[in-house]
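Visitor: There's a structure below that I have some questions on.
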Amino acid sequence: NAELHGDGSTGYFASPFVMAELDSGRLTEALRQQKEWAKAVIFDDQANVIASTFSATPEELRPYLTALDSRDATVGAGFDLAGEHFDVHRFHPPLVYGRRGGPEDGEGIAFCKAVRGSNGKSVFAVITYVFPTLSARAVPQLQQFVRENIESS
């Protein structure tokens, strides 16, 4: 289901059933409030976008659905997002994170799997962040965001 964003880009969104459970507009606004995040996307267990700050497709999100299945496979393959490849160096389920580039021109990435309290369904979040924001700050922010906006809703 392609939908036109306010910025003119298109994205693919979850089924109306999933969107009824999670308010896509509220989540998109909450993602935009995270000023230290460069990109952010929330998607369901079919890789359909629920909310995003950039144009993400189910095809690029599908590998994240199995990211927690095997540490070796995930660390070995790394993550791809928005045309960039990220090395994965931390695997601490439900969190996986890593980076690309050098210390001052690089970008970090963090992935988190959440389970909705209201229905037990899995929902996933991926963020990227750039210097001066480091994983020591961004990963706890992502954990708090997921707790407050996904798991408790």
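Here, A, B, ... name the chains of the structure tokens in the order displayed, residue numbers run from 1 inside each chain, and ligands are numbered from 1 in the same displayed order.
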Please run DSSP on the backbone and report, as a VMD selection string, all residues within stretch 61-143 of chain A that come out as strand (DSSP E).
Guide: chain A and resid 79 to 81 84 to 92 95 to 100 107 to 115 122 to 130
Visitor: Counting only C-alpha atoms, which residues in stretch 93-133 of chain A sit no more than 12 Å from stretch 75-84 of chain A? For each one, give the nearest pair of atoms and the distance in Å, sorted by chain then residue number, as a tab-separated table.
Guide:
```
residue	atom	partner	partner_atom	distance
A:Val96	CA	A:Val75	CA	8.9
A:Tyr97	CA	A:Phe79	CA	8.9
A:Gly98	CA	A:Gly78	CA	8.1
A:Arg99	CA	A:Phe79	CA	9.1
A:Arg100	CA	A:Glu84	CA	8.1
A:Gly101	CA	A:Glu84	CA	10.2
A:Gly106	CA	A:Glu84	CA	11.0
A:Glu107	CA	A:Glu84	CA	9.6
A:Gly108	CA	A:Phe79	CA	10.8
A:Ile109	CA	A:Phe79	CA	8.3
A:Ala110	CA	A:Phe79	CA	9.6
A:Phe111	CA	A:Phe79	CA	9.4
A:Val126	CA	A:Leu81	CA	9.0
A:Ile127	CA	A:Leu81	CA	9.6
A:Thr128	CA	A:Leu81	CA	9.0
```
Visitor: Taking into account only C-alpha atoms, which residue in the set A:Val130, A:Val41, A:Leu95, A:Ala114 is nearest to A:Arg147?
Guide: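 With only C-alpha atoms as the atom set, the closest residue is A:Ala114.
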Visitor: Which value, in Å to one decimal, gives the distance between atom CA of A:Leu134 and atom CA of A:Cys112?
Guide: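 Separation of atom CA of A:Leu134 and atom CA of A:Cys112: 16.2 Å.
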Visitor: Could you pull the residues within 9 Å of stretch 65-70 of chain A, counting only C-alpha atoms, minus those fewer than 6 positions along the same chain, as a PyMOL selection string?
Guide: chain A and resi 44-47+79+91-96+111+113+124
Visitor: In Å, how far is it from atom CA of A:Arg116 to atom CA of A:Pro58?
Guide: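 Interatomic distance, atom CA of A:Arg116 to atom CA of A:Pro58: 20.2 Å.
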